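S.K.: So that you have it, the file is my_file-v8.cif, and it contains mmCIF, C-alpha atoms:
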data_structure
loop_
_atom_site.label_atom_id
_atom_site.label_comp_id
_atom_site.auth_asym_id
_atom_site.auth_seq_id
_atom_site.Cartn_x
_atom_site.Cartn_y
_atom_site.Cartn_z
CA MET A 286 7.18 123.60 -20.65
CA ILE A 287 8.09 123.84 -16.96
CA GLY A 288 11.71 123.55 -17.98
CA SER A 289 11.41 126.47 -20.36
CA LYS A 290 9.71 128.63 -17.68
CA LEU A 291 12.59 127.90 -15.32
CA ASP A 292 15.04 128.77 -18.04
CA LEU A 293 13.30 132.10 -18.56
CA LYS A 294 13.35 132.79 -14.82
CA GLN A 295 17.05 131.95 -14.64
CA LEU A 296 17.71 134.04 -17.71
CA PHE A 297 15.82 136.99 -16.21
CA SER A 298 17.60 136.76 -12.85
CA ARG A 299 20.98 136.43 -14.56
CA PHE A 300 20.50 139.47 -16.78
CA ARG A 301 18.42 141.59 -14.38
CA ILE A 302 21.23 143.96 -13.40
CA PRO A 303 22.67 144.40 -16.92
CA ALA A 304 19.12 144.99 -18.19
CA LEU A 305 18.53 147.66 -15.53
CA ILE A 306 21.85 149.33 -16.41
CA PHE A 307 20.89 149.24 -20.09
CA LEU A 308 17.47 150.80 -19.34
CA CYS A 309 19.07 153.51 -17.19
CA PHE A 310 21.48 154.25 -20.05
CA VAL A 311 18.60 154.45 -22.54
CA PHE A 312 16.61 156.82 -20.29
CA ALA A 313 19.67 158.93 -19.55
CA SER A 314 20.47 159.29 -23.24
CA CYS A 315 16.87 160.27 -23.96
CA SER A 316 16.97 162.99 -21.29
CA SER A 317 16.92 166.57 -22.61
CA VAL A 318 19.62 167.84 -20.21
CA ASN A 319 22.89 168.39 -21.97
CA THR A 320 25.98 168.33 -19.74
CA ILE A 321 28.95 170.38 -20.91
CA THR A 322 32.26 170.00 -19.08
CA ILE A 323 34.57 172.90 -19.88
CA GLN A 324 37.93 171.65 -21.09
CA GLY A 325 40.87 173.75 -22.16
CA SER A 326 44.42 174.73 -21.47
CA TYR A 327 45.65 178.16 -20.46
CA PRO A 328 48.98 179.86 -21.13
CA SER A 329 51.18 180.99 -18.28
CA PRO A 330 51.09 184.80 -18.00
CA LEU A 331 54.20 186.78 -18.88
CA VAL A 332 54.43 188.97 -15.75
CA SER A 333 57.02 189.91 -13.15
CA GLN A 334 56.82 187.53 -10.21
CA LEU A 335 56.06 188.84 -6.74
CA PRO A 336 58.61 187.55 -4.19
CA LEU A 337 55.87 186.12 -1.96
CA THR A 338 54.61 182.74 -0.79
CA LEU A 339 50.89 182.39 -1.40
CA GLY A 340 48.53 179.86 0.15
CA VAL A 341 45.53 178.97 -2.02
CA VAL A 342 42.21 177.55 -0.89
CA TYR A 343 39.72 176.17 -3.41
CA ASP A 344 36.58 175.23 -1.50
CA ASN A 345 34.27 172.48 -2.81
CA ILE A 346 31.74 175.02 -4.13
CA PHE A 347 34.47 176.50 -6.34
CA SER A 348 36.27 173.32 -7.41
CA ASP A 349 33.00 171.51 -8.22
CA TYR A 350 31.25 174.59 -9.66
CA SER A 351 28.37 173.76 -11.93
CA PHE A 352 25.85 176.09 -13.55
CA THR A 353 22.43 174.97 -14.73
CA GLU A 354 20.71 176.83 -17.56
CA VAL A 355 16.94 176.45 -17.34
CA ASP A 356 14.69 176.41 -20.40
CA GLU A 357 12.57 179.56 -20.08
CA TYR A 358 9.52 177.93 -21.71
CA SER A 359 9.41 174.48 -20.10
CA GLY A 360 11.14 175.45 -16.84
CA GLU A 361 13.25 172.30 -17.10
CA ASP A 362 17.03 172.06 -16.91
CA GLN A 363 18.46 172.53 -20.39
CA TYR A 364 22.25 172.67 -19.98
CA VAL A 365 24.49 171.80 -17.07
CA ILE A 366 27.89 173.47 -17.39
CA ASN A 367 30.64 171.99 -15.22
CA SER A 368 33.48 174.51 -15.02
CA GLY A 369 35.01 173.91 -11.56
CA ALA A 370 37.89 171.68 -12.66
CA SER A 371 38.77 174.01 -15.53
CA GLN A 372 38.79 177.06 -13.24
CA VAL A 373 41.06 175.28 -10.75
CA ALA A 374 43.39 174.46 -13.68
CA LEU A 375 43.30 178.14 -14.67
CA PHE A 376 44.32 179.41 -11.22
CA ASN A 377 46.93 176.65 -10.94
CA THR A 378 48.49 178.16 -14.09
CA ILE A 379 48.19 181.86 -13.20
CA LEU A 380 49.22 181.88 -9.55
CA PRO A 381 52.65 180.18 -9.87
CA ALA A 382 53.48 182.76 -12.58
CA VAL A 383 52.44 185.72 -10.40
CA PHE A 384 53.83 184.50 -7.05
CA ASN A 385 57.26 183.12 -6.28
CA GLU A 386 55.83 180.13 -4.39
CA VAL A 387 52.33 178.73 -4.16
CA VAL A 388 51.10 176.31 -1.49
CA TYR A 389 47.76 174.53 -1.97
CA LEU A 390 45.78 174.36 1.28
CA ASN A 391 42.76 172.20 2.15
CA ASN A 392 41.30 175.11 4.13
CA ALA A 393 42.41 178.38 5.72
CA ASP A 394 43.13 176.65 9.05
CA ASP A 395 45.78 174.60 7.25
CA ALA A 396 47.91 177.80 7.11
CA VAL A 397 49.39 177.10 10.58
CA ASN A 398 51.37 174.23 9.00
CA TYR A 399 53.13 176.66 6.65
CA PRO A 400 54.90 179.40 8.63
CA ASP A 401 56.44 180.95 5.48
CA LEU A 402 53.08 181.96 4.03
CA ASP A 403 52.69 185.67 3.27
CA MET A 404 49.03 185.65 2.27
CA ILE A 405 46.10 183.32 1.55
CA PHE A 406 44.02 183.58 -1.61
CA LYS A 407 40.50 182.25 -1.99
CA PRO A 408 38.49 182.68 -5.22
CA ALA A 409 34.70 182.32 -5.33
CA ILE A 410 32.10 182.54 -8.09
CA GLU A 411 29.22 184.89 -7.34
CA GLU A 412 27.37 184.75 -10.66
CA PHE A 413 27.57 182.78 -13.87
CA GLN A 414 25.59 183.67 -16.99
CA ILE A 415 25.37 182.06 -20.39
CA GLY A 416 24.09 183.58 -23.65
CA LEU A 417 22.95 181.13 -26.30
CA PRO A 418 22.27 182.32 -29.89
CA GLN A 419 18.80 180.74 -29.90
CA LYS A 420 17.85 182.90 -26.90
CA THR A 421 19.80 186.13 -27.44
CA ARG A 422 19.31 186.20 -31.26
CA LEU A 423 22.99 187.13 -31.53
CA ASP A 424 25.47 185.13 -33.62
CA VAL A 425 27.67 184.34 -30.63
CA TYR A 426 27.83 182.07 -27.60
CA GLU A 427 28.60 184.15 -24.52
CA ILE A 428 29.79 183.44 -20.99
CA TRP A 429 29.92 186.04 -18.22
CA VAL A 430 31.25 185.27 -14.75
CA LYS A 431 31.40 187.41 -11.63
CA TYR A 432 34.07 186.43 -9.10
CA ASN A 433 34.80 187.45 -5.55
CA MET A 434 38.49 187.32 -4.76
CA SER A 435 39.74 187.29 -1.20
CA LEU A 436 43.28 187.82 0.09
CA THR A 437 43.91 187.38 3.79
CA ALA A 438 46.93 187.37 6.05
CA PRO A 439 47.85 183.96 7.57
CA ASN A 440 46.26 185.13 10.86
CA GLY A 441 42.93 185.64 9.08
CA ASN A 442 43.00 189.46 8.78
CA THR A 443 41.61 190.70 5.49
CA ILE A 444 44.15 192.20 3.07
CA ALA A 445 41.78 192.72 0.12
CA ASP A 446 38.38 191.57 -1.00
CA TRP A 447 37.37 192.53 -4.51
CA VAL A 448 35.05 191.67 -7.39
CA MET A 449 36.23 190.73 -10.87
CA THR A 450 34.21 189.96 -13.98
CA ALA A 451 35.15 187.86 -16.97
CA TYR A 452 33.57 187.76 -20.41
CA GLY A 453 34.10 185.47 -23.35
CA LYS A 454 32.35 184.96 -26.65
CA ALA A 455 32.62 182.49 -29.52
CA PRO A 456 31.08 183.00 -32.98
CA GLN A 457 28.28 180.60 -33.90
CA SER A 458 29.62 180.33 -37.45
CA THR A 459 32.92 178.86 -36.23
CA PHE A 460 31.50 176.57 -33.57
CA GLY A 461 28.53 174.69 -34.95
CA SER A 462 27.56 172.71 -31.87
CA VAL A 463 26.37 174.27 -28.61
CA ASP A 464 28.90 172.20 -26.65
CA ASP A 465 31.87 173.52 -28.66
CA GLY A 466 30.56 177.10 -28.71
CA VAL A 467 29.94 177.22 -24.94
CA ASN A 468 33.30 175.56 -24.25
CA GLU A 469 35.16 178.13 -26.39
CA ALA A 470 33.24 181.07 -24.88
CA ALA A 471 34.07 179.79 -21.37
CA ILE A 472 37.77 179.40 -22.23
CA GLU A 473 37.77 182.97 -23.62
CA ALA A 474 36.13 184.19 -20.39
CA PHE A 475 38.68 182.39 -18.22
CA ARG A 476 41.54 183.79 -20.33
CA ASP A 477 39.99 187.24 -19.86
CA LEU A 478 39.99 186.71 -16.10
CA ALA A 479 43.58 185.45 -16.16
CA ALA A 480 44.69 188.49 -18.19
CA THR A 481 43.04 191.08 -15.96
CA PHE A 482 44.04 189.26 -12.75
CA SER A 483 47.70 188.88 -13.64
CA LEU A 484 48.09 192.42 -15.01
CA GLY A 485 45.85 194.19 -12.49
CA LEU A 486 46.51 192.47 -9.15
CA THR A 487 49.13 194.93 -7.93
CA SER A 488 46.93 197.88 -8.97
CA ILE A 489 44.09 196.94 -6.60
CA PRO A 490 44.37 199.70 -3.94
CA GLU A 491 44.29 197.41 -0.87
CA VAL A 492 46.76 194.94 -2.43
CA ASN A 493 49.01 197.79 -3.56
CA ASN A 494 49.00 199.31 -0.02
CA TRP A 495 49.87 195.96 1.54
CA LEU A 496 52.67 195.34 -0.97
CA GLN A 497 54.13 198.82 -0.33
CA MET A 498 53.83 198.42 3.44
CA ASN A 499 55.70 195.13 3.21
CA ASN A 500 58.36 196.58 0.88
CA VAL A 501 57.43 194.25 -1.98
CA LEU A 502 56.85 197.08 -4.47
CA MET B 103 23.25 157.09 -82.84
CA LYS B 104 24.96 157.48 -79.50
CA HIS B 105 27.58 159.61 -81.19
CA ASN B 106 24.85 161.94 -82.57
CA LYS B 107 23.27 162.33 -79.12
CA LEU B 108 26.61 163.33 -77.65
CA LEU B 109 27.09 165.86 -80.44
CA VAL B 110 23.74 167.45 -79.61
CA LYS B 111 24.37 167.46 -75.88
CA ALA B 112 27.93 168.83 -76.01
CA PRO B 113 27.02 172.47 -76.88
CA LEU B 114 24.26 172.41 -74.29
CA LEU B 115 26.66 171.22 -71.60
CA ALA B 116 29.22 173.82 -72.68
CA CYS B 117 26.59 176.59 -72.48
CA LEU B 118 25.51 175.37 -69.05
CA ALA B 119 29.15 175.32 -67.85
CA CYS B 120 29.69 178.88 -69.17
CA PHE B 121 26.47 180.04 -67.53
CA LEU B 122 27.51 178.52 -64.21
CA MET B 123 30.97 180.11 -64.43
CA ILE B 124 29.50 183.54 -65.20
CA LEU B 125 27.07 183.26 -62.33
CA SER B 126 29.62 181.96 -59.83
CA ALA B 127 32.09 184.74 -60.72
CA CYS B 128 29.76 187.60 -59.77
CA THR B 129 32.09 189.11 -57.15
CA THR B 130 33.50 192.64 -57.13
CA THR B 131 36.55 193.36 -54.99
CA GLU B 132 38.10 196.75 -54.25
CA ILE B 133 41.43 197.18 -52.46
CA ASP B 134 42.65 200.56 -51.16
CA GLN B 135 45.99 201.34 -49.60
CA PHE B 136 47.19 204.19 -47.42
CA ARG B 137 50.93 204.40 -46.74
CA GLN B 138 52.39 206.51 -43.93
CA SER B 139 56.00 205.37 -43.99
CA ASP B 140 58.41 203.18 -45.96
CA THR B 141 58.45 199.49 -45.19
CA GLU B 142 61.01 196.76 -45.68
CA ILE B 143 61.31 193.26 -44.31
CA ASN B 144 64.30 190.89 -44.31
CA SER B 145 64.15 187.11 -44.56
CA ASP B 146 65.11 186.69 -40.88
CA GLU B 147 62.31 189.00 -39.72
CA SER B 148 58.67 188.11 -39.12
CA ILE B 149 55.24 189.61 -38.94
CA VAL B 150 52.19 188.62 -36.95
CA ILE B 151 48.60 189.07 -38.16
CA LEU B 152 46.07 189.51 -35.36
CA GLY B 153 42.29 189.72 -35.52
CA ARG B 154 40.53 192.52 -33.66
CA ARG B 155 37.98 191.02 -31.25
CA GLN B 156 37.12 193.98 -29.06
CA GLY B 157 33.80 194.91 -30.68
CA THR B 158 30.49 193.72 -29.32
CA SER B 159 28.86 193.56 -32.75
CA HIS B 160 31.40 191.32 -34.45
CA GLU B 161 34.80 189.72 -34.15
CA THR B 162 37.33 189.02 -36.88
CA GLU B 163 37.23 185.30 -37.58
CA LEU B 164 40.27 183.15 -36.84
CA ASP B 165 39.86 181.43 -40.23
CA PHE B 166 40.09 184.73 -42.11
CA VAL B 167 43.23 185.77 -40.21
CA GLU B 168 44.77 182.37 -40.99
CA CYS B 169 43.78 182.68 -44.66
CA VAL B 170 45.46 186.10 -45.06
CA GLY B 171 48.54 184.76 -43.25
CA ASP B 172 48.76 181.84 -45.69
CA VAL B 173 48.62 184.22 -48.69
CA VAL B 174 51.31 186.51 -47.20
CA ALA B 175 53.58 183.53 -46.45
CA SER B 176 53.16 181.95 -49.89
CA GLY B 177 55.34 182.33 -52.96
CA SER B 178 58.98 183.19 -53.56
CA ASP B 179 58.46 186.65 -52.00
CA GLY B 180 56.62 185.14 -49.00
CA ILE B 181 57.09 186.64 -45.55
CA ASN B 182 57.52 184.72 -42.25
CA VAL B 183 54.16 184.87 -40.49
CA ILE B 184 53.91 183.83 -36.85
CA PRO B 185 50.65 181.92 -36.26
CA GLU B 186 48.15 184.04 -34.33
CA THR B 187 47.41 181.51 -31.57
CA THR B 188 51.14 180.88 -30.94
CA PHE B 189 51.78 184.62 -30.61
CA LEU B 190 48.73 185.20 -28.37
CA ASP B 191 49.71 182.33 -26.05
CA GLU B 192 53.37 183.30 -25.86
CA MET B 193 52.55 186.99 -25.32
CA PHE B 194 49.74 186.25 -22.86
CA PRO B 195 48.23 188.39 -21.27
CA PHE B 196 49.23 191.42 -23.40
CA PHE B 197 47.19 190.83 -26.59
CA GLU B 198 43.86 189.57 -25.16
CA PRO B 199 40.65 191.41 -26.21
CA ARG B 200 40.60 193.50 -23.02
CA THR B 201 44.34 194.17 -22.77
CA ALA B 202 45.54 194.49 -26.37
CA PRO B 203 46.90 197.89 -27.48
CA MET B 204 44.27 199.75 -29.50
CA ARG B 205 46.51 202.59 -30.68
CA THR B 206 50.22 203.03 -31.28
CA ASP B 207 50.64 205.09 -28.08
CA HIS B 208 49.29 202.05 -26.18
CA LEU B 209 51.88 199.97 -28.05
CA GLU B 210 54.60 202.34 -26.80
CA GLN B 211 53.39 201.82 -23.23
CA LEU B 212 53.43 198.05 -23.74
CA MET B 213 56.92 198.04 -25.22
CA SER B 214 58.20 200.08 -22.27
CA GLN B 215 57.68 196.90 -20.23
CA GLU B 216 60.91 194.94 -20.51
CA ILE B 217 59.23 191.53 -20.26
CA ALA B 218 56.99 192.26 -23.28
CA ALA B 219 59.68 193.97 -25.38
CA GLN B 220 62.06 191.05 -24.81
CA LYS B 221 59.49 188.51 -25.97
CA ILE B 222 58.67 190.54 -29.11
CA ALA B 223 62.41 190.72 -29.86
CA GLU B 224 62.69 186.93 -29.41
CA PHE B 225 59.96 186.47 -32.01
CA GLY B 226 61.74 188.86 -34.40
CA VAL B 227 58.47 190.68 -35.06
CA GLU B 228 59.04 193.60 -37.43
CA TYR B 229 55.39 194.44 -38.10
CA ILE B 230 52.09 193.76 -36.34
CA VAL B 231 49.07 193.69 -38.66
CA TRP B 232 45.65 194.19 -37.10
CA LEU B 233 42.79 192.81 -39.16
CA ASP B 234 39.29 194.03 -38.47
CA GLY B 235 36.08 193.29 -40.33
CA LEU B 236 33.36 190.87 -41.18
CA THR B 237 31.22 189.40 -43.91
CA GLN B 238 27.51 190.15 -43.80
CA ARG B 239 24.72 188.39 -45.65
CA SER B 240 21.72 190.32 -46.94
CA GLY B 241 19.03 190.29 -49.61
CA GLU B 242 18.06 186.68 -49.04
CA SER B 243 15.11 185.79 -51.24
CA GLY B 244 13.44 182.87 -52.99
CA SER B 245 12.45 179.50 -51.67
CA ILE B 246 13.29 175.86 -52.28
CA SER B 247 11.06 172.96 -51.38
CA CYS B 248 12.17 169.36 -51.26
CA ALA B 249 10.03 166.23 -51.15
CA VAL B 250 10.73 162.53 -50.71
CA GLY B 251 8.35 159.80 -51.84
CA PRO B 252 8.44 156.04 -52.40
CA GLY B 253 9.62 156.56 -55.99
CA GLY B 254 12.42 158.99 -55.04
CA GLY B 255 12.84 162.61 -54.08
CA GLY B 256 13.89 165.97 -55.34
CA CYS B 257 13.98 169.71 -54.79
CA PHE B 258 12.52 172.57 -56.77
CA GLY B 259 12.91 176.31 -56.40
CA PHE B 260 15.39 179.16 -56.45
CA GLY B 261 17.27 181.01 -53.72
CA THR B 262 19.60 183.99 -53.86
CA TRP B 263 21.53 186.17 -51.42
CA THR B 264 24.27 188.81 -51.30
CA ASP B 265 27.48 188.59 -49.28
CA ASP B 266 29.28 191.81 -48.39
CA SER B 267 32.80 191.71 -46.92
CA ASN B 268 34.56 194.71 -45.41
CA PHE B 269 37.99 194.29 -43.88
CA GLU B 270 40.74 196.68 -42.87
CA ALA B 271 44.36 195.93 -42.04
CA GLU B 272 46.36 198.37 -39.96
CA ILE B 273 50.13 197.88 -40.05
CA TRP B 274 52.25 198.81 -37.05
CA ASP B 275 56.01 199.20 -37.41
CA MET B 276 57.70 197.67 -34.36
CA ASP B 277 60.94 199.62 -34.91
CA THR B 278 59.38 203.06 -34.81
CA LEU B 279 56.22 202.03 -32.85
CA THR B 280 54.12 203.98 -35.32
CA SER B 281 51.54 203.12 -37.93
CA ALA B 282 53.10 202.32 -41.31
CA GLY B 283 49.78 202.41 -43.15
CA ALA B 284 46.49 200.69 -43.77
CA ILE B 285 44.86 198.52 -46.41
CA SER B 286 41.14 198.16 -46.84
CA ALA B 287 39.33 195.53 -48.87
CA ASP B 288 35.66 195.56 -49.80
CA ALA B 289 33.90 192.90 -51.83
CA ASN B 290 30.38 191.90 -52.57
CA GLY B 291 28.85 189.13 -54.57
CA GLN B 292 25.54 187.54 -55.39
CA SER B 293 25.09 183.80 -54.81
CA TYR B 294 22.39 181.68 -56.45
CA LEU B 295 20.91 178.33 -55.54
CA PRO B 296 18.66 176.94 -58.27
CA ALA B 297 17.15 173.54 -57.57
CA ILE B 298 15.80 171.28 -60.31
CA ILE B 299 15.67 167.87 -58.65
CA LEU B 300 19.13 168.56 -57.20
CA PRO B 301 20.18 171.94 -55.70
CA ILE B 302 23.03 173.52 -57.70
CA PRO B 303 24.94 175.95 -55.45
CA LEU B 304 26.56 178.86 -57.32
CA ILE B 305 28.35 180.52 -54.47
CA ALA B 306 30.11 183.87 -54.84
CA ARG B 307 33.53 183.47 -53.18
CA VAL B 308 33.40 186.89 -51.54
CA GLU B 309 35.45 186.34 -48.39
CA SER B 310 38.07 184.18 -50.11
CA ASN B 311 38.49 186.90 -52.79
CA VAL B 312 38.98 189.52 -50.07
CA CYS B 313 41.45 187.22 -48.31
CA SER B 314 43.45 186.72 -51.49
CA GLY B 315 43.38 190.41 -52.47
CA MET B 316 44.23 191.61 -48.96
CA GLY B 317 47.03 189.04 -48.57
CA GLN B 318 48.69 189.94 -51.89
CA GLN B 319 48.45 193.68 -51.22
CA LEU B 320 49.81 193.25 -47.70
CA LYS B 321 52.76 191.25 -48.99
CA SER B 322 53.58 193.92 -51.59
CA PHE B 323 53.14 196.68 -49.00
CA LEU B 324 55.50 195.06 -46.49
CA ASN B 325 58.10 194.21 -49.16
CA GLY B 326 58.01 197.88 -50.12
CA SER B 327 57.11 197.14 -53.74
CA VAL B 328 53.92 199.29 -53.83
#
For the structure just supplied, provide its representation as structure tokens.

M.R.:
Amino acid sequence: MIGSKLDLKQLFSRFRIPALIFLCFVFASCSSVNTITIQGSYPSPLVSQLPLTLGVVYDNIFSDYSFTEVDEYSGEDQYVINSGASQVALFNTILPAVFNEVVYLNNADDAVNYPDLDMIFKPAIEEFQIGLPQKTRLDVYEIWVKYNMSLTAPNGNTIADWVMTAYGKAPQSTFGSVDDGVNEAAIEAFRDLAATFSLGLTSIPEVNNWLQMNNVL
Amino acid sequence: MKHNKLLVKAPLLACLACFLMILSACTTTEIDQFRQSDTEINSDESIVILGRRQGTSHETELDFVECVGDVVASGSDGINVIPETTFLDEMFPFFEPRTAPMRTDHLEQLMSQEIAAQKIAEFGVEYIVWLDGLTQRSGESGSISCAVGPGGGGCFGFGTWTDDSNFEAEIWDMDTLTSAGAISADANGQSYLPAIILPIPLIARVESNVCSGMGQQLKSFLNGSV
């Protein structure tokens, strides 16, 4: 009898950590929060390249950007949408197509190590909104994002600071699950941003003035 | 004895099959065509069929665009159709919902950009077809209830609904940068779902009929045979 108690104790101590991991896994899977990580690929835009060297800074807020949709009835987190990595991938596709050379910087101060830089670009997300069919009563998943784009000279002087919005939608009939629908709507929104950014950058008055002053246009 | 039973059942089964066929074929399709200029396409030339997705109320489904493309490309008189996603990715960012040309004068502006004109020429695109439309469901009525017990389960009831499809194809000639014409397709059909132990879906193939009709008409239009 004593022997069997010892065996149980040994058994418990041996499997304590795996049991805890298993319980954590069970509780995590029972949780109502659904995490959606946006995944997609983006085409390189077909635009004339600017003969400039651009430094790019993605701060942690941007590269790890996550949006939490709260259930309006329970007040609890309903969906967590991780889009930072996908947005970094998007800009890493657009910028080398728009600029002759792109240098990735850890921060703006890093610019002193690159004397050939013409300008530094820093994107930021100001707002992120999601529209789910069960809430909007529409047959589409929707994503709307408001960005703040900043272009500065290597010495820190502002060249341009402007707001851009992106919108994407995906029909509920095509994408049955919320995860797929939200993912597709987000990819559409990011493509929308890429399209308007790559076609409209040189038309932004401050950017256009700078480009003309520096004989780029 | 068994032979007699089969003889009795055979006409009943035949009647049921006929009834089901009549019910499932309740779809009316109407195709209209409006031609503005002559069209002709060679075997080394291609077309691209794109869905309009600018509207807030609806967007043309990718599946429908693909379906029409398959019909146009099929048969001995089939036409080379560039897949929509390939064209959109290769022409990015010129045919996205916010940047795509809405009228032929916008197309002229786009083609004045060398980078876009060169890519279109690489594709060998002779015509761009814009598809716009949707299928709407209405008149849903009836109810079906299902129950499961220890001895088995089953459903009982009757449901019915109407599907209404309206699509329009606008054809742009890439040589003249003008509209060559338009084709519209309307179809509606009543679907039934009787349930006697098992639900028996009798679905009106409204959208697939529109797809087939639109695809055939488009092929004839582009080949210049109608």

S.K.: Which chain B residues are at most 7 Å from chain A (counting all atoms listed in the file), as a list in words?

M.R.: Asp191, Met193, Phe194, Pro195 and Glu198 of chain B

S.K.: Report as a ChimeraX atom specification the residues that result from applying the PyMOL selection byres ((chain B and resi 284-301) around 6) to the structure here.

M.R.: /B:128-136,256-273,283,302-306,308

S.K.: Distance CA of Arg422 in chain A-CA of Leu152 in chain B, one decimal place?

M.R.: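 A separation of 27.3 Å between them.
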
S.K.: Quick one: which residues end up in the PyMOL selection byres ((chain A and resi 410) around 9) for this structure, as a PyMOL selection string?

M.R.: chain A and resi 346-347+350+408-409+411-413+430-434

S.K.: Taking the file as I've supplied it (selection: the PyMOL selection byres ((chain B and resi 320) around 9)), which residues are included? Please answer as a PyMOL selection string.

M.R.: chain B and resi 170+174+271+273+285+315-319+321-325

S.K.: Just give me the residues with any atom within 10 Å of (49.4, 194.6, -25.9), file coordinates, counting all atoms listed in the file, written as a ChimeraX atom specification.

M.R.: /B:190,193-205,208-213,218

S.K.: What does the structure give for the distance between CA of Gly153 in chain B and CA of Leu233 in chain B, in Å to one decimal?

M.R.: 4.8 Å

S.K.: Could you check which of A:Ser359, A:Gln334, A:Ser435, A:Gln419 is closest to Asn385 in chain A, using all atoms listed in the file?

M.R.: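 Result for the nearest residue to Asn385 in chain A: A:Gln334.
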
S.K.: Please measure the separation of CA of Asp464 in chain A and CA of Gly369 in chain A, giving the value in Å to one decimal.

M.R.: 16.4 Å

S.K.: Which is closer to Ser327 in chain B than all the others in B:Arg154, B:Asp179, B:Ser145, B:Gly241, using only C-alpha atoms?

M.R.: B:Asp179

S.K.: As a list of chain:residue names, please: the residues near Ser368 in chain A (cut-off 9 Å, all atoms listed in the file, same-chain neighbours under 4 positions excluded).

M.R.: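 Skipping anything fewer than 4 positions along the chain leaves A:Ile321, A:Thr322, A:Ile323, A:Gln324, A:Phe347, A:Ser348, A:Asp349, A:Tyr350, A:Ser351, A:Phe352, A:Gln372, A:Val373, A:Ala471.
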
S.K.: Could you check which of A:Ile428, A:Gly466, A:Gln414, A:Ile405 is closest to Asp446 in chain A, using all atoms listed in the file?

M.R.: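 Residue with the minimum atom-to-atom distance to Asp446 in chain A: A:Ile405.
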
S.K.: Let me make sure I understand: among A:Val463, A:Ala470, A:Leu436, A:Val318, which one has the smallest atom-to-atom distance to Asp362 in chain A if we use only C-alpha atoms?

M.R.: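 Closest to Asp362 in chain A, using only C-alpha atoms: A:Val318.
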
S.K.: Reconstruct N, CA and C atoms of range 190-204 of chain B from the incomplete input and present them as a compact mmCIF listing (two decimals), in the coordinates of the input.

M.R.:
# COMPACT_ATOMS: atom_id res chain seq x y z
N LEU B 190 49.62 184.81 -29.47
CA LEU B 190 48.73 185.20 -28.37
C LEU B 190 49.08 184.43 -27.09
N ASP B 191 49.37 183.14 -27.23
CA ASP B 191 49.71 182.33 -26.05
C ASP B 191 51.06 182.72 -25.47
N GLU B 192 52.03 182.95 -26.34
CA GLU B 192 53.37 183.30 -25.86
C GLU B 192 53.42 184.71 -25.27
N MET B 193 52.58 185.60 -25.81
CA MET B 193 52.55 186.99 -25.32
C MET B 193 51.49 187.20 -24.25
N PHE B 194 50.82 186.14 -23.84
CA PHE B 194 49.74 186.25 -22.86
C PHE B 194 50.26 186.92 -21.59
N PRO B 195 49.60 187.90 -21.02
CA PRO B 195 48.23 188.39 -21.27
C PRO B 195 48.14 189.72 -22.04
N PHE B 196 49.17 190.06 -22.84
CA PHE B 196 49.23 191.42 -23.40
C PHE B 196 48.38 191.67 -24.66
N PHE B 197 47.95 190.62 -25.35
CA PHE B 197 47.19 190.83 -26.59
C PHE B 197 45.79 190.19 -26.53
N GLU B 198 45.23 190.09 -25.33
CA GLU B 198 43.86 189.57 -25.16
C GLU B 198 42.87 190.69 -25.50
N PRO B 199 41.60 190.36 -25.80
CA PRO B 199 40.65 191.41 -26.21
C PRO B 199 40.61 192.62 -25.27
N ARG B 200 40.73 192.38 -23.95
CA ARG B 200 40.60 193.50 -23.02
C ARG B 200 41.94 194.21 -22.74
N THR B 201 43.04 193.58 -23.12
CA THR B 201 44.34 194.17 -22.77
C THR B 201 45.17 194.59 -23.98
N ALA B 202 44.74 194.21 -25.17
CA ALA B 202 45.54 194.49 -26.37
C ALA B 202 45.62 195.99 -26.65
N PRO B 203 46.78 196.46 -27.15
CA PRO B 203 46.90 197.89 -27.48
C PRO B 203 45.96 198.25 -28.64
N MET B 204 45.21 199.32 -28.46
CA MET B 204 44.27 199.75 -29.50
C MET B 204 44.89 200.79 -30.42
